[in-house]
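Asks: My structure file protein.csv, CSV, C-alpha atoms and all ligand atoms, is below:
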chain,number,residue,atom,x,y,z
A,1380,MET,CA,-56.6,91.9,167.4
A,1381,LYS,CA,-59.6,94.0,166.7
A,1382,LYS,CA,-57.7,95.6,163.8
A,1383,MET,CA,-56.8,92.2,162.4
A,1384,PHE,CA,-60.4,91.1,162.6
A,1385,SER,CA,-61.5,94.2,160.8
A,1386,LEU,CA,-59.0,93.6,158.0
A,1387,LEU,CA,-60.1,90.0,157.8
A,1388,LEU,CA,-63.8,91.1,157.6
A,1389,LEU,CA,-62.8,93.6,154.8
A,1390,ALA,CA,-61.0,90.9,152.9
A,1391,VAL,CA,-64.0,88.6,153.1
A,1392,LEU,CA,-66.3,91.4,152.0
A,1393,VAL,CA,-64.1,92.5,149.1
A,1394,CYS,CA,-63.0,89.0,147.9
A,1395,GLY,CA,-66.0,87.0,148.9
A,1396,VAL,CA,-63.8,84.3,150.3
A,1397,LEU,CA,-61.5,83.8,153.2
A,1398,PRO,CA,-57.9,84.8,152.5
A,1399,THR,CA,-55.6,81.8,152.0
A,1400,ALA,CA,-53.8,82.3,155.4
A,1401,PHE,CA,-57.1,81.9,157.1
A,1402,ALA,CA,-58.5,79.0,155.0
A,1403,GLU,CA,-59.1,75.7,156.8
A,1404,SER,CA,-55.8,73.8,157.2
A,1405,GLU,CA,-55.2,70.7,155.1
A,1406,ILE,CA,-52.7,69.5,157.6
A,1407,PRO,CA,-54.1,66.4,159.4
A,1408,PHE,CA,-54.3,65.8,163.1
A,1409,GLN,CA,-52.7,62.4,162.8
A,1410,VAL,CA,-49.1,61.8,161.6
A,1411,GLU,CA,-48.9,59.7,158.5
A,1412,ASN,CA,-48.0,56.0,158.9
A,1413,GLY,CA,-47.5,56.4,162.7
A,1414,GLY,CA,-47.5,52.6,163.1
A,1415,PHE,CA,-45.3,51.8,160.1
A,1416,GLU,CA,-48.1,49.6,158.8
A,1417,THR,CA,-47.4,50.4,155.2
A,1418,GLY,CA,-44.3,48.3,155.7
A,1419,ASP,CA,-42.1,51.1,154.7
A,1420,PHE,CA,-41.3,54.7,155.7
A,1421,THR,CA,-44.1,56.4,153.9
A,1422,GLY,CA,-44.8,59.7,155.6
A,1423,TRP,CA,-41.4,59.8,157.4
A,1424,THR,CA,-38.2,61.6,156.4
A,1425,LEU,CA,-34.9,59.7,156.8
A,1426,PRO,CA,-31.5,61.4,157.1
A,1427,GLU,CA,-29.0,61.2,154.3
A,1428,GLY,CA,-27.0,58.0,154.2
A,1429,TRP,CA,-29.7,55.9,155.8
A,1430,PRO,CA,-28.9,52.1,155.5
A,1431,VAL,CA,-30.7,50.2,152.7
A,1432,ASP,CA,-31.1,46.5,152.1
A,1433,GLU,CA,-29.9,44.5,149.1
A,1434,ASN,CA,-33.0,45.8,147.1
A,1435,GLY,CA,-32.2,49.4,147.9
A,1436,ASN,CA,-35.1,49.7,150.4
A,1437,PRO,CA,-34.5,51.6,153.7
A,1438,LYS,CA,-33.7,49.3,156.6
A,1439,GLY,CA,-35.0,49.7,160.2
A,1440,LEU,CA,-38.5,48.1,160.2
A,1441,SER,CA,-39.1,44.6,161.7
A,1442,SER,CA,-42.1,42.2,162.0
A,1443,GLU,CA,-40.5,40.3,164.8
A,1444,ASN,CA,-42.7,40.5,168.0
A,1445,SER,CA,-40.2,38.7,170.3
A,1446,TYR,CA,-36.5,38.2,170.6
A,1447,TRP,CA,-33.9,35.8,172.1
A,1448,ALA,CA,-34.5,32.3,173.3
A,1449,GLU,CA,-36.6,33.5,176.2
A,1450,LYS,CA,-39.2,34.9,173.7
A,1451,MET,CA,-39.0,38.3,175.2
A,1452,PRO,CA,-41.9,40.5,174.1
A,1453,ILE,CA,-41.5,43.5,171.8
A,1454,ASN,CA,-45.2,44.5,172.1
A,1455,GLN,CA,-45.5,45.5,168.4
A,1456,ALA,CA,-48.8,46.9,167.2
A,1457,GLY,CA,-50.0,45.4,163.9
A,1458,ASN,CA,-47.3,43.9,161.7
A,1459,TYR,CA,-44.4,46.3,161.8
A,1460,HIS,CA,-42.3,48.4,164.2
A,1461,LEU,CA,-39.1,50.4,164.0
A,1462,GLU,CA,-35.9,49.2,165.8
A,1463,SER,CA,-32.2,49.8,166.0
A,1464,TRP,CA,-31.3,46.1,165.6
A,1465,SER,CA,-32.7,46.2,162.1
A,1466,LEU,CA,-30.2,49.0,161.2
A,1467,GLN,CA,-27.2,46.9,162.2
A,1468,PRO,CA,-24.4,46.5,161.1
A,1469,GLU,CA,-24.4,49.8,159.3
A,1470,ILE,CA,-25.5,51.7,162.5
A,1471,THR,CA,-23.8,50.2,165.5
A,1472,GLU,CA,-25.3,50.1,169.0
A,1473,PRO,CA,-23.3,53.0,170.4
A,1474,GLU,CA,-24.4,55.2,167.5
A,1475,ALA,CA,-27.4,57.5,167.4
A,1476,TRP,CA,-30.1,57.9,164.7
A,1477,HIS,CA,-33.4,59.6,164.2
A,1478,ILE,CA,-36.3,59.9,161.8
A,1479,THR,CA,-38.8,62.8,161.3
A,1480,SER,CA,-42.6,62.5,161.1
A,1481,SER,CA,-45.0,64.3,158.8
A,1482,HIS,CA,-46.5,67.6,160.1
A,1483,PHE,CA,-49.7,67.5,162.1
A,1484,ILE,CA,-52.0,69.9,163.9
A,1485,LEU,CA,-52.2,69.1,167.5
A,1486,GLY,CA,-56.0,68.6,168.1
A,1487,GLY,CA,-58.4,67.1,170.6
A,1488,ALA,CA,-57.0,67.0,174.2
A,1489,GLY,CA,-53.5,67.8,173.1
A,1490,CYS,CA,-52.0,64.4,174.0
A,1491,ILE,CA,-49.7,62.1,172.0
A,1492,THR,CA,-48.9,58.5,172.7
A,1493,VAL,CA,-45.9,56.5,171.4
A,1494,ARG,CA,-44.7,53.0,172.1
A,1495,MET,CA,-41.0,53.1,173.2
A,1496,GLY,CA,-38.5,50.5,174.2
A,1497,GLY,CA,-34.7,50.3,174.7
A,1498,ALA,CA,-32.4,52.5,176.9
A,1499,SER,CA,-31.8,55.2,174.3
A,1500,ALA,CA,-35.3,55.8,173.0
A,1501,ALA,CA,-36.5,59.4,173.0
A,1502,VAL,CA,-39.2,61.5,171.3
A,1503,LYS,CA,-38.6,65.1,170.4
A,1504,VAL,CA,-41.5,67.4,169.4
A,1505,PHE,CA,-41.1,70.6,167.4
A,1506,LYS,CA,-43.2,73.5,166.1
A,1507,ALA,CA,-43.3,73.9,162.3
A,1508,ASP,CA,-40.6,76.5,162.6
A,1509,GLY,CA,-38.2,74.1,164.3
A,1510,THR,CA,-38.6,75.3,167.9
A,1511,GLN,CA,-38.4,72.3,170.2
A,1512,VAL,CA,-41.4,72.0,172.6
A,1513,GLY,CA,-41.1,68.4,173.7
A,1514,TYR,CA,-38.5,65.9,174.9
A,1515,PHE,CA,-39.6,62.6,176.3
A,1516,THR,CA,-37.3,59.6,177.1
A,1517,ASN,CA,-38.0,56.0,178.0
A,1518,GLY,CA,-38.0,56.3,181.8
A,1519,HIS,CA,-39.4,52.8,182.1
A,1520,PHE,CA,-36.2,51.1,180.9
A,1521,LYS,CA,-34.6,49.0,183.7
A,1522,ASP,CA,-32.0,46.3,183.2
A,1523,SER,CA,-32.9,44.3,186.3
A,1524,SER,CA,-34.6,41.0,187.1
A,1525,PHE,CA,-34.2,39.7,183.5
A,1526,PRO,CA,-36.5,38.3,182.0
A,1527,ASN,CA,-39.3,39.4,184.3
A,1528,ILE,CA,-40.9,42.3,182.5
A,1529,GLU,CA,-43.0,43.1,185.5
A,1530,GLU,CA,-39.8,44.2,187.3
A,1531,GLY,CA,-37.5,45.2,184.4
A,1532,SER,CA,-37.8,46.5,180.9
A,1533,TRP,CA,-35.5,46.0,177.9
A,1534,GLY,CA,-36.6,45.8,174.2
A,1535,ASP,CA,-40.2,45.6,175.2
A,1536,MET,CA,-42.2,48.7,174.1
A,1537,HIS,CA,-44.6,50.5,176.4
A,1538,THR,CA,-47.1,53.2,175.6
A,1539,PHE,CA,-46.0,56.6,176.9
A,1540,ILE,CA,-48.6,59.5,177.2
A,1541,MET,CA,-47.1,62.8,176.3
A,1542,ASP,CA,-49.2,65.9,177.3
A,1543,LEU,CA,-48.6,68.8,175.0
A,1544,SER,CA,-51.9,70.5,175.6
A,1545,GLU,CA,-50.4,73.9,175.8
A,1546,TYR,CA,-49.7,73.6,172.0
A,1547,ILE,CA,-53.3,72.6,170.9
A,1548,GLY,CA,-54.0,74.1,167.5
A,1549,GLU,CA,-50.3,74.4,166.5
A,1550,GLU,CA,-48.6,72.7,163.6
A,1551,LEU,CA,-46.1,70.3,165.0
A,1552,TYR,CA,-43.8,67.4,163.9
A,1553,LEU,CA,-41.8,64.9,165.9
A,1554,GLU,CA,-38.6,63.0,165.8
A,1555,LEU,CA,-38.0,59.4,167.0
A,1556,TRP,CA,-34.5,59.1,168.4
A,1557,ASP,CA,-32.0,56.5,169.3
A,1558,GLU,CA,-29.9,58.8,171.4
A,1559,GLU,CA,-26.1,58.4,171.8
A,1560,ILE,CA,-25.6,56.8,175.2
A,1561,ILE,CA,-22.8,54.9,176.8
A,1562,GLY,CA,-23.7,51.5,178.2
A,1563,SER,CA,-25.7,48.5,177.4
A,1564,TRP,CA,-29.0,48.5,175.6
A,1565,ALA,CA,-28.2,51.6,173.6
A,1566,VAL,CA,-31.0,50.7,171.2
A,1567,ALA,CA,-34.5,52.0,170.5
A,1568,PHE,CA,-37.8,50.5,169.5
A,1569,PHE,CA,-40.8,52.5,168.3
A,1570,ASP,CA,-44.4,51.9,167.2
A,1571,GLU,CA,-47.9,53.3,167.2
A,1572,VAL,CA,-47.4,57.0,167.1
A,1573,ILE,CA,-50.9,58.5,167.8
A,1574,THR,CA,-51.2,62.3,167.7
A,1575,LEU,CA,-55.0,62.7,168.2
A,1576,TYR,CA,-57.0,61.9,171.3
A,1577,ASP,CA,-60.4,63.5,171.9
A,1578,GLU,CA,-59.9,63.0,175.7
A,1579,LYS,CA,-56.6,62.7,177.7
A,1580,PRO,CA,-55.7,59.0,177.9
A,1581,ASN,CA,-56.0,57.7,181.4
A,1582,TYR,CA,-52.8,55.9,182.5
A,1583,LYS,CA,-54.7,54.1,185.2
A,1584,GLU,CA,-57.2,52.5,182.7
A,1585,ASN,CA,-55.0,51.7,179.7
A,1586,PHE,CA,-52.7,48.7,179.6
A,1587,ASP,CA,-50.2,47.0,177.3
A,1588,THR,CA,-50.7,43.3,177.4
A,1589,MET,CA,-47.5,41.2,176.8
A,1590,TYR,CA,-46.0,37.9,177.5
A,1591,ASN,CA,-43.8,37.6,180.6
A,1592,PRO,CA,-41.3,34.7,180.1
A,1593,ALA,CA,-40.4,34.7,183.8
A,1594,LYS,CA,-44.0,33.6,184.7
A,1595,ASN,CA,-45.0,32.0,181.4
A,1596,MET,CA,-48.1,34.1,181.2
A,1597,ASP,CA,-49.5,37.4,179.8
A,1598,VAL,CA,-49.3,40.4,182.0
A,1599,GLN,CA,-50.9,43.9,181.8
A,1600,ILE,CA,-48.6,46.8,182.3
A,1601,LYS,CA,-50.1,50.3,182.7
A,1602,TRP,CA,-49.4,53.0,180.1
A,1603,GLN,CA,-46.6,55.3,181.3
A,1604,ARG,CA,-46.9,58.9,182.2
A,1605,THR,CA,-43.9,60.8,181.1
A,1606,ILE,CA,-42.5,64.2,181.9
A,1607,ASN,CA,-41.7,66.7,179.2
A,1608,LYS,CA,-38.0,67.4,179.8
A,1609,CYS,CA,-38.0,70.2,177.2
A,1610,MET,CA,-37.4,73.7,178.7
A,1611,PRO,CA,-38.3,76.1,175.9
A,1701,CA,CA,-47.0,48.9,163.9
A,1702,CA,CA,-27.9,53.4,169.5
Could I get this file's structure written as structure tokens?
Ligand SMILES: [Ca+2]
Ligand SMILES: [Ca+2]
Replies:
Amino acid sequence: MKKMFSLLLLAVLVCGVLPTAFAESEIPFQVENGGFETGDFTGWTLPEGWPVDENGNPKGLSSENSYWAEKMPINQAGNYHLESWSLQPEITEPEAWHITSSHFILGGAGCITVRMGGASAAVKVFKADGTQVGYFTNGHFKDSSFPNIEEGSWGDMHTFIMDLSEYIGEELYLELWDEEIIGSWAVAFFDEVITLYDEKPNYKENFDTMYNPAKNMDVQIKWQRTINKCMP
């Protein structure tokens, strides 16, 4: 370490500037278009063969904030979210898909939040070299007591707090997955990917507010803590 510092000091003295490898990173702390509010996939990488609409634009984004006759909430942030239903019929419910974010430097308190809904929703996080460091699934999904979203959860998205603080300062990217599962509700909903918090978000003090058709009133549901299932 001391030798490396000496070499760096020498380089600064000789060149008068910091070598490129030590220059301030231009990679941002926040992923690009994490809430899909451009109305397209700007900032995201789509796999080959991704479905497109009649105008040739990639499918998958929706502006619908409720579904079915019960007016079930989706809990979209802003005007757009990503969902499996908008990829049908090209990608059927049992099938899997994923998209890849832009790279970011994990800053602040090292926490990420993502809104997730559906039984097969998952977020995977990687270092820039492709080493996986995070795997988070929608542990809040529960097909029970429909349509009471205080007791069950279906297409409604909830905010999940993902603590990756041991990777602060590292260049990362993430993937949003509709994983291949057997059973009903094998779909995924995503929105509002936020990769920079100055302080760790408190799950006790932050809520998603959404309409509960079972009681015909808005309810507040706490942000979800989620365990990193990745074992590097
Ligand atoms: Ca959005
Ligand atoms: Ca699926």
Asks: Taking all atoms listed in the file into account, name the residue in A:Asp1597, A:Glu1411, A:Glu1416, A:Glu1449 that is nearest to ligand CA 1701 (chain A).
Replies: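 Closest residue, counting all atoms listed in the file: A:Glu1416.
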Asks: Please compute the atom CA of Ile1606 of chain A-atom CA of Asn1585 of chain A distance, one decimal, in Å.
Replies: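 These two atoms are separated by 17.8 Å.
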Asks: Of the residues A:Pro1452, A:Gly1548, A:Gly1534, A:Gly1513, which is the one nearest to Pro1592 of chain A, using only C-alpha atoms?
Replies: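 Between A:Pro1452, A:Gly1548, A:Gly1534, A:Gly1513, the residue approaching Pro1592 of chain A most closely is A:Pro1452.
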Asks: Using all atoms listed in the file, determine which residues lie at most 12 Å from His1482 of chain A, disregarding the query and same-chain residues fewer than 3 positions distant; provide the list as a PDB file with C-alpha atoms, in the coordinates of the input.
Replies:
ATOM      1  CA  SER A1404     -55.800  73.800 157.200  1.00  0.00           C
ATOM      2  CA  GLU A1405     -55.200  70.700 155.100  1.00  0.00           C
ATOM      3  CA  ILE A1406     -52.700  69.500 157.600  1.00  0.00           C
ATOM      4  CA  PRO A1407     -54.100  66.400 159.400  1.00  0.00           C
ATOM      5  CA  PHE A1408     -54.300  65.800 163.100  1.00  0.00           C
ATOM      6  CA  GLN A1409     -52.700  62.400 162.800  1.00  0.00           C
ATOM      7  CA  VAL A1410     -49.100  61.800 161.600  1.00  0.00           C
ATOM      8  CA  GLU A1411     -48.900  59.700 158.500  1.00  0.00           C
ATOM      9  CA  ASN A1412     -48.000  56.000 158.900  1.00  0.00           C
ATOM     10  CA  GLY A1413     -47.500  56.400 162.700  1.00  0.00           C
ATOM     11  CA  GLY A1422     -44.800  59.700 155.600  1.00  0.00           C
ATOM     12  CA  TRP A1423     -41.400  59.800 157.400  1.00  0.00           C
ATOM     13  CA  THR A1424     -38.200  61.600 156.400  1.00  0.00           C
ATOM     14  CA  THR A1479     -38.800  62.800 161.300  1.00  0.00           C
ATOM     15  CA  LEU A1485     -52.200  69.100 167.500  1.00  0.00           C
ATOM     16  CA  VAL A1504     -41.500  67.400 169.400  1.00  0.00           C
ATOM     17  CA  PHE A1505     -41.100  70.600 167.400  1.00  0.00           C
ATOM     18  CA  LYS A1506     -43.200  73.500 166.100  1.00  0.00           C
ATOM     19  CA  ALA A1507     -43.300  73.900 162.300  1.00  0.00           C
ATOM     20  CA  ASP A1508     -40.600  76.500 162.600  1.00  0.00           C
ATOM     21  CA  GLY A1509     -38.200  74.100 164.300  1.00  0.00           C
ATOM     22  CA  GLU A1549     -50.300  74.400 166.500  1.00  0.00           C
ATOM     23  CA  GLU A1550     -48.600  72.700 163.600  1.00  0.00           C
ATOM     24  CA  LEU A1551     -46.100  70.300 165.000  1.00  0.00           C
ATOM     25  CA  TYR A1552     -43.800  67.400 163.900  1.00  0.00           C
ATOM     26  CA  LEU A1553     -41.800  64.900 165.900  1.00  0.00           C
ATOM     27  CA  GLU A1554     -38.600  63.000 165.800  1.00  0.00           C
ATOM     28  CA  THR A1574     -51.200  62.300 167.700  1.00  0.00           C
TER      29      THR A1574
END
Asks: Write out as a PyMOL selection string each polymer residue whose atoms come within 10 Å of Lys1583 of chain A, counting all atoms listed in the file; drop sequence neighbours fewer than 4 positions from it.
Replies: chain A and resi 1600-1604
Asks: Compute the set of protein, DNA and RNA residues whose minimum atom distance to ligand CA 1701 (chain A) is at most 8 Å, using all atoms listed in the file, and state it as an mmCIF file with C-alpha atoms, keeping the file's coordinate frame.
Replies:
data_model
loop_
_atom_site.group_PDB
_atom_site.id
_atom_site.type_symbol
_atom_site.label_atom_id
_atom_site.label_comp_id
_atom_site.auth_asym_id
_atom_site.auth_seq_id
_atom_site.Cartn_x
_atom_site.Cartn_y
_atom_site.Cartn_z
ATOM 1 C CA GLY A 1413 -47.500 56.400 162.700
ATOM 2 C CA GLY A 1414 -47.500 52.600 163.100
ATOM 3 C CA PHE A 1415 -45.300 51.800 160.100
ATOM 4 C CA GLU A 1416 -48.100 49.600 158.800
ATOM 5 C CA GLN A 1455 -45.500 45.500 168.400
ATOM 6 C CA ALA A 1456 -48.800 46.900 167.200
ATOM 7 C CA GLY A 1457 -50.000 45.400 163.900
ATOM 8 C CA ASN A 1458 -47.300 43.900 161.700
ATOM 9 C CA TYR A 1459 -44.400 46.300 161.800
ATOM 10 C CA HIS A 1460 -42.300 48.400 164.200
ATOM 11 C CA ASP A 1570 -44.400 51.900 167.200
ATOM 12 C CA GLU A 1571 -47.900 53.300 167.200
#
